[in-house]
>>> print(open('target-v3.cif').read())   # mmCIF, C-alpha atoms and all ligand atoms
data_structure
#
loop_
_atom_site.group_PDB
_atom_site.id
_atom_site.type_symbol
_atom_site.label_atom_id
_atom_site.label_comp_id
_atom_site.auth_asym_id
_atom_site.auth_seq_id
_atom_site.Cartn_x
_atom_site.Cartn_y
_atom_site.Cartn_z
ATOM 1 C CA MET H 1 -76.680 2.456 23.003
ATOM 2 C CA SER H 2 -74.689 4.547 25.496
ATOM 3 C CA ASP H 3 -73.360 1.408 27.058
ATOM 4 C CA ASP H 4 -72.067 0.393 23.705
ATOM 5 C CA ILE H 5 -70.085 3.564 23.402
ATOM 6 C CA ASN H 6 -68.463 3.062 26.795
ATOM 7 C CA LYS H 7 -67.372 -0.309 25.728
ATOM 8 C CA LEU H 8 -65.629 0.931 22.680
ATOM 9 C CA PRO H 9 -61.830 1.139 22.940
ATOM 10 C CA ARG H 10 -60.838 4.554 24.293
ATOM 11 C CA PRO H 11 -58.656 6.811 22.293
ATOM 12 C CA TYR H 12 -56.379 7.496 25.288
ATOM 13 C CA SER H 13 -54.333 5.227 27.402
ATOM 14 C CA SER H 14 -56.134 3.138 29.938
ATOM 15 C CA GLU H 15 -54.075 4.573 32.823
ATOM 16 C CA GLY H 16 -55.756 6.786 35.372
ATOM 17 C CA MET H 17 -59.211 5.640 34.625
ATOM 18 C CA ASP H 18 -61.631 6.344 37.356
ATOM 19 C CA ALA H 19 -64.114 3.883 38.587
ATOM 20 C CA SER H 20 -66.496 4.677 35.837
ATOM 21 C CA GLY H 21 -63.745 4.014 33.417
ATOM 22 C CA ASP H 22 -63.923 7.650 32.226
ATOM 23 C CA ALA H 23 -60.447 8.994 31.742
ATOM 24 C CA ARG H 24 -61.229 11.909 29.517
ATOM 25 C CA ASP H 25 -60.644 14.787 32.032
ATOM 26 C CA ILE H 26 -57.374 13.403 33.259
ATOM 27 C CA ASP H 27 -56.116 12.847 29.729
ATOM 28 C CA VAL H 28 -56.865 16.413 28.755
ATOM 29 C CA GLN H 29 -54.879 17.758 31.704
ATOM 30 C CA ARG H 30 -52.046 15.438 31.063
ATOM 31 C CA ILE H 31 -51.816 16.311 27.455
ATOM 32 C CA HIS H 32 -51.765 20.013 28.235
ATOM 33 C CA ALA H 33 -49.308 19.794 31.068
ATOM 34 C CA PRO H 34 -46.224 20.213 28.833
ATOM 35 C CA VAL H 35 -47.869 23.054 27.005
ATOM 36 C CA ILE H 36 -48.470 24.897 30.265
ATOM 37 C CA ARG H 37 -45.002 24.073 31.564
ATOM 38 C CA GLU H 38 -43.053 25.154 28.496
ATOM 39 C CA HIS H 39 -42.399 28.766 27.488
ATOM 40 C CA ASN H 40 -43.938 30.173 24.422
ATOM 41 C CA GLU H 41 -42.241 29.266 21.240
ATOM 42 C CA PRO H 42 -40.045 32.242 20.321
ATOM 43 C CA ARG H 43 -41.217 34.006 17.221
ATOM 44 C CA ASP H 44 -39.996 36.744 14.939
ATOM 45 C CA GLY H 45 -41.443 40.139 15.466
ATOM 46 C CA LEU H 46 -40.856 43.647 16.671
ATOM 47 C CA GLU H 47 -40.051 42.962 20.262
ATOM 48 C CA PRO H 48 -38.567 45.909 22.176
ATOM 49 C CA ILE H 49 -34.825 45.405 22.748
ATOM 50 C CA PRO H 50 -33.740 44.661 26.277
ATOM 51 C CA VAL H 51 -32.763 47.621 28.425
ATOM 52 C CA TRP H 52 -29.202 46.412 28.959
ATOM 53 C CA MET H 53 -28.643 46.184 25.224
ATOM 54 C CA GLY H 54 -30.002 49.669 24.756
ATOM 55 C CA MET H 55 -27.571 50.907 27.353
ATOM 56 C CA CYS H 56 -24.715 49.117 25.688
ATOM 57 C CA PHE H 57 -25.466 50.707 22.350
ATOM 58 C CA GLY H 58 -25.927 54.056 24.014
ATOM 59 C CA ALA H 59 -22.525 53.789 25.617
ATOM 60 C CA LEU H 60 -20.971 52.721 22.345
ATOM 61 C CA LEU H 61 -22.543 55.645 20.536
ATOM 62 C CA PHE H 62 -21.331 58.023 23.203
ATOM 63 C CA TRP H 63 -17.818 56.666 22.991
ATOM 64 C CA GLY H 64 -17.891 56.894 19.208
ATOM 65 C CA GLY H 65 -18.973 60.505 19.385
ATOM 66 C CA MET H 66 -16.218 61.334 21.803
ATOM 67 C CA TYR H 67 -13.708 59.549 19.638
ATOM 68 C CA MET H 68 -14.828 61.322 16.510
ATOM 69 C CA SER H 69 -14.780 64.737 18.099
ATOM 70 C CA SER H 70 -11.329 64.279 19.537
ATOM 71 C CA ASN H 71 -9.848 62.703 16.397
ATOM 72 C CA SER H 72 -11.749 64.508 13.719
ATOM 73 C CA GLY H 73 -8.778 66.496 12.559
ATOM 74 C CA GLU H 74 -11.089 69.466 12.457
ATOM 75 C CA TYR H 75 -12.959 67.627 9.707
ATOM 76 C CA ARG H 76 -10.501 68.888 7.140
ATOM 77 C CA GLY H 77 -10.591 67.006 3.865
ATOM 78 C CA ASP H 78 -6.875 66.706 3.613
ATOM 79 C CA VAL H 79 -6.204 65.686 7.165
ATOM 80 C CA TYR H 80 -5.425 62.069 6.397
ATOM 81 C CA ASP H 81 -3.614 62.775 3.157
ATOM 82 C CA ARG H 82 0.021 61.881 3.067
ATOM 83 C CA PRO H 83 2.111 64.966 3.504
ATOM 84 C CA GLU H 84 3.472 66.343 0.279
ATOM 85 C CA PRO H 85 6.855 64.730 -0.243
ATOM 86 C CA LYS H 86 9.458 67.220 0.686
ATOM 87 C CA PRO H 87 11.624 68.130 -2.236
ATOM 88 C CA VAL H 88 14.942 66.390 -1.845
ATOM 89 C CA VAL H 89 17.549 69.010 -1.400
ATOM 90 C CA PHE H 90 21.007 67.827 -2.096
ATOM 91 C CA LYS H 91 23.286 69.778 0.070
ATOM 92 C CA VAL H 92 25.955 70.976 -2.183
ATOM 93 C CA GLU H 93 28.875 71.590 0.001
ATOM 94 C CA ALA H 94 30.499 74.774 -0.969
ATOM 95 C CA GLU H 95 33.788 74.063 -2.646
ATOM 96 C CA PRO H 96 36.494 74.986 -0.225
ATOM 97 C CA THR H 97 38.775 77.785 -1.328
ATOM 98 C CA ASP H 98 40.800 78.338 1.804
ATOM 99 C CA GLU H 99 43.664 76.217 3.024
ATOM 100 C CA ALA H 100 41.818 74.694 5.987
ATOM 101 C CA GLY H 101 38.844 73.747 3.858
ATOM 102 C CA LEU H 102 41.022 72.284 1.132
ATOM 103 C CA ARG H 103 42.948 70.255 3.644
ATOM 104 C CA LYS H 104 39.756 68.841 5.121
ATOM 105 C CA LEU H 105 38.428 67.856 1.719
ATOM 106 C CA GLY H 106 41.859 66.571 0.766
ATOM 107 C CA GLU H 107 41.845 64.180 3.680
ATOM 108 C CA LYS H 108 38.717 62.597 2.221
ATOM 109 C CA VAL H 109 40.067 62.482 -1.295
ATOM 110 C CA PHE H 110 43.228 60.870 -0.006
ATOM 111 C CA ALA H 111 41.259 57.696 0.679
ATOM 112 C CA GLN H 112 41.669 57.055 -3.049
ATOM 113 C CA CYS H 113 45.417 57.378 -2.818
ATOM 114 C CA ALA H 114 45.927 55.449 0.399
ATOM 115 C CA ALA H 115 45.479 52.056 -1.274
ATOM 116 C CA CYS H 116 48.796 52.563 -3.014
ATOM 117 C CA HIS H 117 50.640 55.218 -1.085
ATOM 118 C CA GLN H 118 49.354 53.894 2.267
ATOM 119 C CA PRO H 119 47.615 55.898 4.974
ATOM 120 C CA THR H 120 51.001 56.590 6.524
ATOM 121 C CA GLY H 121 52.169 58.136 3.259
ATOM 122 C CA GLU H 122 55.134 55.777 3.340
ATOM 123 C CA GLY H 123 54.160 53.830 0.233
ATOM 124 C CA LEU H 124 55.211 50.233 -0.304
ATOM 125 C CA PRO H 125 58.803 49.218 -1.083
ATOM 126 C CA ASN H 126 59.434 48.624 -4.790
ATOM 127 C CA GLN H 127 55.789 49.254 -5.618
ATOM 128 C CA PHE H 128 54.494 52.619 -4.546
ATOM 129 C CA PRO H 129 56.710 55.564 -3.659
ATOM 130 C CA ALA H 130 56.281 57.439 -0.416
ATOM 131 C CA LEU H 131 54.521 60.763 -0.281
ATOM 132 C CA ASN H 132 55.787 61.601 3.172
ATOM 133 C CA LYS H 133 59.103 63.402 2.921
ATOM 134 C CA SER H 134 59.066 62.844 -0.837
ATOM 135 C CA GLU H 135 61.150 65.375 -2.692
ATOM 136 C CA TRP H 136 58.332 65.565 -5.261
ATOM 137 C CA VAL H 137 55.652 66.461 -2.740
ATOM 138 C CA ALA H 138 57.167 69.000 -0.386
ATOM 139 C CA GLY H 139 60.881 68.664 -1.009
ATOM 140 C CA ASP H 140 63.434 70.155 -3.355
ATOM 141 C CA LYS H 141 61.845 68.811 -6.516
ATOM 142 C CA ALA H 142 58.362 69.890 -5.605
ATOM 143 C CA SER H 143 56.373 72.730 -7.085
ATOM 144 C CA VAL H 144 52.706 73.368 -7.491
ATOM 145 C CA ALA H 145 53.038 73.268 -11.276
ATOM 146 C CA ARG H 146 54.909 69.952 -11.166
ATOM 147 C CA LEU H 147 52.562 68.287 -8.679
ATOM 148 C CA SER H 148 49.513 69.428 -10.596
ATOM 149 C CA ARG H 149 50.916 67.748 -13.708
ATOM 150 C CA ILE H 150 51.709 64.495 -11.871
ATOM 151 C CA LEU H 151 48.183 64.305 -10.523
ATOM 152 C CA LEU H 152 46.371 65.468 -13.643
ATOM 153 C CA TYR H 153 48.081 63.168 -16.102
ATOM 154 C CA GLY H 154 49.478 60.367 -13.965
ATOM 155 C CA MET H 155 53.060 59.259 -13.748
ATOM 156 C CA SER H 156 54.979 56.369 -15.198
ATOM 157 C CA GLY H 157 58.538 55.340 -15.851
ATOM 158 C CA GLU H 158 61.477 55.479 -13.602
ATOM 159 C CA VAL H 159 61.370 57.809 -10.644
ATOM 160 C CA THR H 160 63.509 58.083 -7.560
ATOM 161 C CA VAL H 161 61.819 58.939 -4.315
ATOM 162 C CA ARG H 162 63.812 59.215 -1.090
ATOM 163 C CA GLY H 163 66.671 57.353 -2.725
ATOM 164 C CA ASN H 164 64.504 54.426 -3.811
ATOM 165 C CA LYS H 165 63.926 53.717 -7.467
ATOM 166 C CA PHE H 166 60.438 52.985 -8.675
ATOM 167 C CA ASN H 167 59.206 52.087 -12.090
ATOM 168 C CA GLY H 168 55.490 51.877 -11.892
ATOM 169 C CA ALA H 169 52.502 53.675 -13.256
ATOM 170 C CA MET H 170 50.074 55.928 -11.512
ATOM 171 C CA PRO H 171 46.772 56.499 -13.247
ATOM 172 C CA ALA H 172 45.797 60.010 -14.266
ATOM 173 C CA TRP H 173 43.362 61.743 -11.940
ATOM 174 C CA GLY H 174 42.508 64.670 -14.185
ATOM 175 C CA SER H 175 39.369 63.089 -15.546
ATOM 176 C CA GLN H 176 38.241 61.626 -12.225
ATOM 177 C CA LEU H 177 38.835 64.422 -9.787
ATOM 178 C CA SER H 178 37.850 68.053 -10.098
ATOM 179 C CA ASP H 179 40.444 70.754 -9.936
ATOM 180 C CA THR H 180 39.296 71.524 -6.419
ATOM 181 C CA LYS H 181 39.676 67.899 -5.321
ATOM 182 C CA ILE H 182 43.131 67.628 -6.832
ATOM 183 C CA ALA H 183 44.097 70.907 -5.180
ATOM 184 C CA ALA H 184 42.610 69.607 -1.936
ATOM 185 C CA VAL H 185 44.477 66.304 -1.927
ATOM 186 C CA LEU H 186 47.703 68.059 -2.856
ATOM 187 C CA THR H 187 47.198 70.556 -0.047
ATOM 188 C CA TYR H 188 46.635 67.597 2.246
ATOM 189 C CA ILE H 189 49.698 65.544 1.279
ATOM 190 C CA ARG H 190 51.892 68.632 1.293
ATOM 191 C CA SER H 191 50.992 69.478 4.874
ATOM 192 C CA ASN H 192 50.419 66.048 6.399
ATOM 193 C CA TRP H 193 52.851 63.693 8.163
ATOM 194 C CA ASP H 194 56.247 65.374 8.153
ATOM 195 C CA ASN H 195 55.532 67.479 5.093
ATOM 196 C CA LYS H 196 55.306 71.206 5.508
ATOM 197 C CA ALA H 197 54.541 72.936 2.267
ATOM 198 C CA GLY H 198 51.977 75.484 1.217
ATOM 199 C CA PRO H 199 48.506 74.860 -0.143
ATOM 200 C CA VAL H 200 47.522 74.235 -3.738
ATOM 201 C CA PHE H 201 44.430 75.981 -5.039
ATOM 202 C CA ALA H 202 41.932 74.921 -7.645
ATOM 203 C CA LYS H 203 43.009 77.688 -9.968
ATOM 204 C CA ASP H 204 46.584 76.368 -9.844
ATOM 205 C CA VAL H 205 45.418 72.952 -11.018
ATOM 206 C CA LYS H 206 43.247 74.542 -13.667
ATOM 207 C CA ALA H 207 46.182 76.630 -14.848
ATOM 208 C CA ALA H 208 48.281 73.484 -15.260
ATOM 209 C CA ARG H 209 45.425 71.765 -17.064
ATOM 210 C CA ASP H 210 45.108 74.700 -19.437
ATOM 211 C CA ALA H 211 48.854 74.939 -19.994
ATOM 212 C CA VAL H 212 49.314 71.256 -20.855
ATOM 213 C CA GLY H 213 46.009 70.719 -22.601
ATOM 214 C CA SER H 214 44.592 67.300 -23.255
ATOM 215 C CA ARG H 215 47.065 64.487 -23.127
ATOM 216 C CA SER H 216 46.585 60.765 -22.715
ATOM 217 C CA SER H 217 50.076 59.615 -21.815
ATOM 218 C CA ALA H 218 51.360 59.784 -18.269
ATOM 219 C CA MET H 219 54.079 62.172 -17.187
ATOM 220 C CA THR H 220 57.554 60.839 -16.661
ATOM 221 C CA ALA H 221 59.864 62.037 -13.940
ATOM 222 C CA ALA H 222 62.229 63.353 -16.620
ATOM 223 C CA GLU H 223 59.433 65.420 -18.113
ATOM 224 C CA ILE H 224 58.422 66.779 -14.764
ATOM 225 C CA GLU H 225 61.969 67.811 -14.028
ATOM 226 C CA LYS H 226 61.938 69.891 -17.181
ATOM 227 C CA VAL H 227 59.290 72.110 -15.640
ATOM 228 C CA PRO H 228 61.367 74.805 -13.934
ATOM 229 C CA LEU H 229 60.953 74.745 -10.187
ATOM 230 C CA ASP H 230 59.843 78.336 -10.065
ATOM 231 C CA ALA H 231 57.542 78.044 -13.056
ATOM 232 C CA ILE H 232 54.042 79.290 -12.442
ATOM 233 C CA ASP H 233 51.374 78.422 -14.960
ATOM 234 C CA PRO H 234 49.503 81.411 -16.345
ATOM 235 C CA GLY H 235 46.580 82.080 -14.061
ATOM 236 C CA ALA H 236 48.010 80.185 -11.110
ATOM 237 C CA THR H 237 48.563 81.680 -7.694
ATOM 238 C CA PRO H 238 51.591 83.943 -7.918
ATOM 239 C CA LYS H 239 54.453 83.097 -5.600
ATOM 240 C CA LYS H 240 54.597 85.327 -2.589
HETATM 241 C C1 LIG X 301 47.220 52.554 -8.274
HETATM 242 C C2 LIG X 301 48.152 53.009 -7.307
HETATM 243 C C3 LIG X 301 48.253 54.502 -7.088
HETATM 244 C C4 LIG X 301 47.271 55.343 -6.673
HETATM 245 C C5 LIG X 301 45.810 54.992 -6.358
HETATM 246 C C6 LIG X 301 47.861 56.635 -6.525
HETATM 247 N N1 LIG X 301 49.155 56.587 -6.870
HETATM 248 FE FE1 LIG X 301 50.466 58.110 -6.820
HETATM 249 N N2 LIG X 301 51.890 56.940 -7.623
HETATM 250 C C7 LIG X 301 51.755 55.594 -7.899
HETATM 251 C C8 LIG X 301 52.959 55.121 -8.514
HETATM 252 C C9 LIG X 301 53.213 53.697 -8.954
HETATM 253 C C10 LIG X 301 53.805 56.211 -8.615
HETATM 254 C C11 LIG X 301 55.191 56.231 -9.239
HETATM 255 C C12 LIG X 301 55.045 56.302 -10.747
HETATM 256 C C13 LIG X 301 56.338 56.003 -11.474
HETATM 257 O O1 LIG X 301 56.942 55.014 -11.135
HETATM 258 O O2 LIG X 301 56.668 56.789 -12.362
HETATM 259 C C14 LIG X 301 53.114 57.338 -8.024
HETATM 260 C C15 LIG X 301 53.641 58.616 -7.889
HETATM 261 C C16 LIG X 301 53.051 59.632 -7.193
HETATM 262 C C17 LIG X 301 53.693 60.901 -6.891
HETATM 263 C C18 LIG X 301 55.068 61.315 -7.238
HETATM 264 C C19 LIG X 301 56.081 60.448 -6.542
HETATM 265 C C20 LIG X 301 56.077 60.592 -5.039
HETATM 266 O O3 LIG X 301 55.921 59.541 -4.411
HETATM 267 O O4 LIG X 301 56.175 61.690 -4.533
HETATM 268 C C21 LIG X 301 52.757 61.633 -6.220
HETATM 269 C C22 LIG X 301 52.944 63.043 -5.668
HETATM 270 C C23 LIG X 301 51.562 60.842 -6.121
HETATM 271 N N3 LIG X 301 51.788 59.636 -6.709
HETATM 272 C C24 LIG X 301 50.418 61.273 -5.500
HETATM 273 C C25 LIG X 301 49.235 60.536 -5.515
HETATM 274 C C26 LIG X 301 47.986 61.037 -5.017
HETATM 275 C C27 LIG X 301 47.776 62.406 -4.384
HETATM 276 C C28 LIG X 301 47.084 60.071 -5.213
HETATM 277 C C29 LIG X 301 45.587 60.118 -4.927
HETATM 278 C C30 LIG X 301 44.817 61.062 -5.698
HETATM 279 C C31 LIG X 301 47.761 58.946 -5.805
HETATM 280 N N4 LIG X 301 49.065 59.268 -5.963
HETATM 281 C C32 LIG X 301 47.175 57.750 -6.087
HETATM 282 C C33 LIG X 301 50.663 54.825 -7.636
HETATM 283 C C34 LIG X 301 49.438 55.311 -7.223
#
>>> encode(input="target-v3.cif", output="structure tokens", more="lines below")
Ligand code: HEC
Amino acid sequence: MSDDINKLPRPYSSEGMDASGDARDIDVQRIHAPVIREHNEPRDGLEPIPVWMGMCFGALLFWGGMYMSSNSGEYRGDVYDRPEPKPVVFKVEAEPTDEAGLRKLGEKVFAQCAACHQPTGEGLPNQFPALNKSEWVAGDKASVARLSRILLYGMSGEVTVRGNKFNGAMPAWGSQLSDTKIAAVLTYIRSNWDNKAGPVFAKDVKAARDAVGSRSSAMTAAEIEKVPLDAIDPGATPKK
């Protein structure tokens, strides 16, 4: 009976059979060889973390603590809030009342005149009369009352300036420029270039405005000449 069993086909390969034809021990070793050689299959579980990783996390935690304590902003709730927007304060430049201040402001205002009368104050032939050495600005036809009227209400019609005839139209400035600005630009043109005449003050311009009242048509040279040279509008600076 036992002989019969040995004759049966073996479940394992026929290699490595010993003389008796029994290969069972060798097969068992061979089959287990890979199992012994290989590492354990990794498996989920609560393995302790490696020391190096623990150190890494420790260092990270330490750094975080340092960072927090040095950048905590004293743990104030509002520390990262945007600062309250500062109220916008428009600097209102005090209106100049003295000659130097008026002249300085007048130089700025004059930018609006320079397009026509030119930065040199020489005007343009046949188009815009000169302001420099003009008899109407600082010459023998000039007065504060007259100039205030020319600026406030504009000028049109024929006018002779430095011997040259003009027949144009200057817009009125009374609604665009304040009394101070008109006084300033007049102070400027009366004392700039070759002109040497005294300042014009805001109250002089206001006095002219009050004296003439509202008016939509421009002044003519003839009208201006009717204003006596020594006329001083009520409330204007008295002549010294
Ligand atoms: C759009 C062009 C124009 C602008 C801008 C202008 N003017 Fe005139 N201005 C004229 C003209 C044109 C006349 C002559 C009007 C006429 O023919 O009756 C004149 C005349 C005058 C006169 C009298 C004549 C003379 O030459 O002395 C004065 C003073 C004057 N302007 C001052 C000013 C001042 C100051 C400003 C700036 C606030 C100014 N003008 C801006 C065109 C201009």
>>> axis_aligned_box(input="target-v3.cif", around="ligand LIG 301 (chain X)", padding_each_side="3 Å", output="lines of an AutoDock Vina configuration file")
center_x = 50.9
center_y = 57.8
center_z = -8.4
size_x = 18.1
size_y = 16.5
size_z = 14.0
>>> closest_residue(input="target-v3.cif", among="H:Glu122, H:Asp233, H:Glu158, H:Asp78", to="Met170 (chain H)", atoms="all atoms listed in the file")
H:Glu158
>>> residues_around(input="target-v3.cif", residues="His117 (chain H)", least_positions_apart="3", cutoff="8 Å", atoms="only C-alpha atoms", output="JSON, numbers by chain")
{"H": [113, 114, 120, 121, 122, 123, 124, 128, 129, 130, 131]}
>>> closest_atom_pairs(input="target-v3.cif", of="chain H", to="ligand LIG 301 (chain X)", cutoff="7 Å", atoms="all atoms listed in the file", output="Markdown table")
| residue | atom | partner | partner_atom | distance |
| --- | --- | --- | --- | --- |
| H:Val109 | CA | X:LIG301 | C30 | 6.6 |
| H:Phe110 | CA | X:LIG301 | C29 | 5.5 |
| H:Gln112 | CA | X:LIG301 | C29 | 5.3 |
| H:Cys113 | CA | X:LIG301 | C29 | 3.5 |
| H:Ala114 | CA | X:LIG301 | C5 | 6.8 |
| H:Ala115 | CA | X:LIG301 | C5 | 5.9 |
| H:Cys116 | CA | X:LIG301 | C2 | 4.4 |
| H:His117 | CA | X:LIG301 | N1 | 6.1 |
| H:Gln127 | CA | X:LIG301 | C9 | 6.1 |
| H:Phe128 | CA | X:LIG301 | C9 | 4.7 |
| H:Pro129 | CA | X:LIG301 | O3 | 4.1 |
| H:Ala130 | CA | X:LIG301 | O3 | 4.5 |
| H:Leu131 | CA | X:LIG301 | O3 | 4.5 |
| H:Ser134 | CA | X:LIG301 | O4 | 4.8 |
| H:Glu135 | CA | X:LIG301 | O4 | 6.5 |
| H:Trp136 | CA | X:LIG301 | O4 | 4.5 |
| H:Val137 | CA | X:LIG301 | O4 | 5.1 |
| H:Leu147 | CA | X:LIG301 | C22 | 6.1 |
| H:Ile150 | CA | X:LIG301 | C21 | 6.4 |
| H:Leu151 | CA | X:LIG301 | C24 | 6.3 |
| H:Met155 | CA | X:LIG301 | O2 | 4.6 |
| H:Ser156 | CA | X:LIG301 | O2 | 3.3 |
| H:Gly157 | CA | X:LIG301 | O2 | 4.2 |
| H:Glu158 | CA | X:LIG301 | O2 | 5.1 |
| H:Val159 | CA | X:LIG301 | O2 | 5.1 |
| H:Val161 | CA | X:LIG301 | O3 | 5.9 |
| H:Phe166 | CA | X:LIG301 | O1 | 4.7 |
| H:Asn167 | CA | X:LIG301 | O1 | 3.8 |
| H:Gly168 | CA | X:LIG301 | O1 | 3.5 |
| H:Ala169 | CA | X:LIG301 | C9 | 4.4 |
| H:Met170 | CA | X:LIG301 | C7 | 4.0 |
| H:Pro171 | CA | X:LIG301 | C1 | 6.4 |
| H:Trp173 | CA | X:LIG301 | C30 | 6.4 |
| H:Ile182 | CA | X:LIG301 | C30 | 6.9 |
| H:Val185 | CA | X:LIG301 | C27 | 5.7 |
| H:Leu186 | CA | X:LIG301 | C27 | 5.9 |
| H:Ile189 | CA | X:LIG301 | C27 | 6.8 |
| H:Thr220 | CA | X:LIG301 | O2 | 6.0 |
| H:Ala221 | CA | X:LIG301 | O2 | 6.3 |
>>> atom_distance(input="target-v3.cif", atom1="CA of Phe201 (chain H)", atom2="CA of Asp179 (chain H)")
8.2 Å
>>> resolve_selection(input="target-v3.cif", expression="the PyMOL selection byres (((chain H and resi 224) around 10) and not hetatm)", output="PyMOL selection string")
chain H and resi 136+141-143+145-147+149-150+155+219-223+225-229
>>> atom_distance(input="target-v3.cif", atom1="CA of Pro96 (chain H)", atom2="CA of Arg209 (chain H)")
19.3 Å
>>> residues_around(input="target-v3.cif", residues="Val144 (chain H)", least_positions_apart="6", cutoff="8 Å", atoms="all atoms listed in the file", output="ChimeraX atom specification")
/H:200,204,232
>>> atom_distance(input="target-v3.cif", atom1="CA of Asn195 (chain H)", atom2="CA of Arg103 (chain H)")
13.0 Å
>>> resolve_selection(input="target-v3.cif", expression="the PyMOL selection byres (((chain H and resi 217) around 8) and not hetatm)", output="number ranges by chain")
H: 153-154, 215-216, 218-219
>>> closest_residue(input="target-v3.cif", among="H:Ile36, H:Gly213, H:Val205, H:Glu74", to="Thr180 (chain H)", atoms="all atoms listed in the file")
H:Val205
>>> closest_residue(input="target-v3.cif", among="H:Gln118, H:Asn126, H:Ser178, H:Thr187", to="Gly163 (chain H)", atoms="only C-alpha atoms")
H:Asn126
>>> residues_around(input="target-v3.cif", residues="Lys133 (chain H)", least_positions_apart="4", cutoff="7 Å", atoms="all atoms listed in the file", output="PyMOL selection string")
chain H and resi 138-139+194-195
>>> residues_around(input="target-v3.cif", residues="Ala207 (chain H)", least_positions_apart="3", cutoff="8 Å", atoms="all atoms listed in the file", output="PyMOL selection string")
chain H and resi 203-204+210-211+233-236
>>> decode(input="target-v3.cif", residues="region 91-117 of chain H", atoms="C-alpha atoms", output="CSV table (one decimal), in the first residue's frame")
chain,number,residue,atom,x,y,z
H,91,LYS,CA,-5.2,122.5,3.1
H,92,VAL,CA,-7.0,125.7,2.5
H,93,GLU,CA,-4.3,128.2,1.8
H,94,ALA,CA,-5.0,131.4,3.5
H,95,GLU,CA,-6.1,134.0,1.1
H,96,PRO,CA,-3.2,136.4,0.7
H,97,THR,CA,-3.9,139.9,1.8
H,98,ASP,CA,-0.5,141.4,1.5
H,99,GLU,CA,1.3,142.5,-1.7
H,100,ALA,CA,3.9,139.8,-1.7
H,101,GLY,CA,1.2,137.1,-1.2
H,102,LEU,CA,-1.1,138.5,-3.9
H,103,ARG,CA,1.8,138.7,-6.3
H,104,LYS,CA,2.7,135.1,-5.7
H,105,LEU,CA,-0.9,133.9,-6.2
H,106,GLY,CA,-1.2,136.3,-9.2
H,107,GLU,CA,1.6,134.6,-10.9
H,108,LYS,CA,-0.3,131.3,-10.8
H,109,VAL,CA,-3.6,132.9,-11.9
H,110,PHE,CA,-1.7,134.5,-14.8
H,111,ALA,CA,-1.4,131.1,-16.4
H,112,GLN,CA,-5.0,131.7,-17.5
H,113,CYS,CA,-4.1,134.9,-19.2
H,114,ALA,CA,-0.8,133.9,-20.8
H,115,ALA,CA,-2.6,131.9,-23.6
H,116,CYS,CA,-3.7,135.2,-25.0
H,117,HIS,CA,-1.5,137.9,-23.6
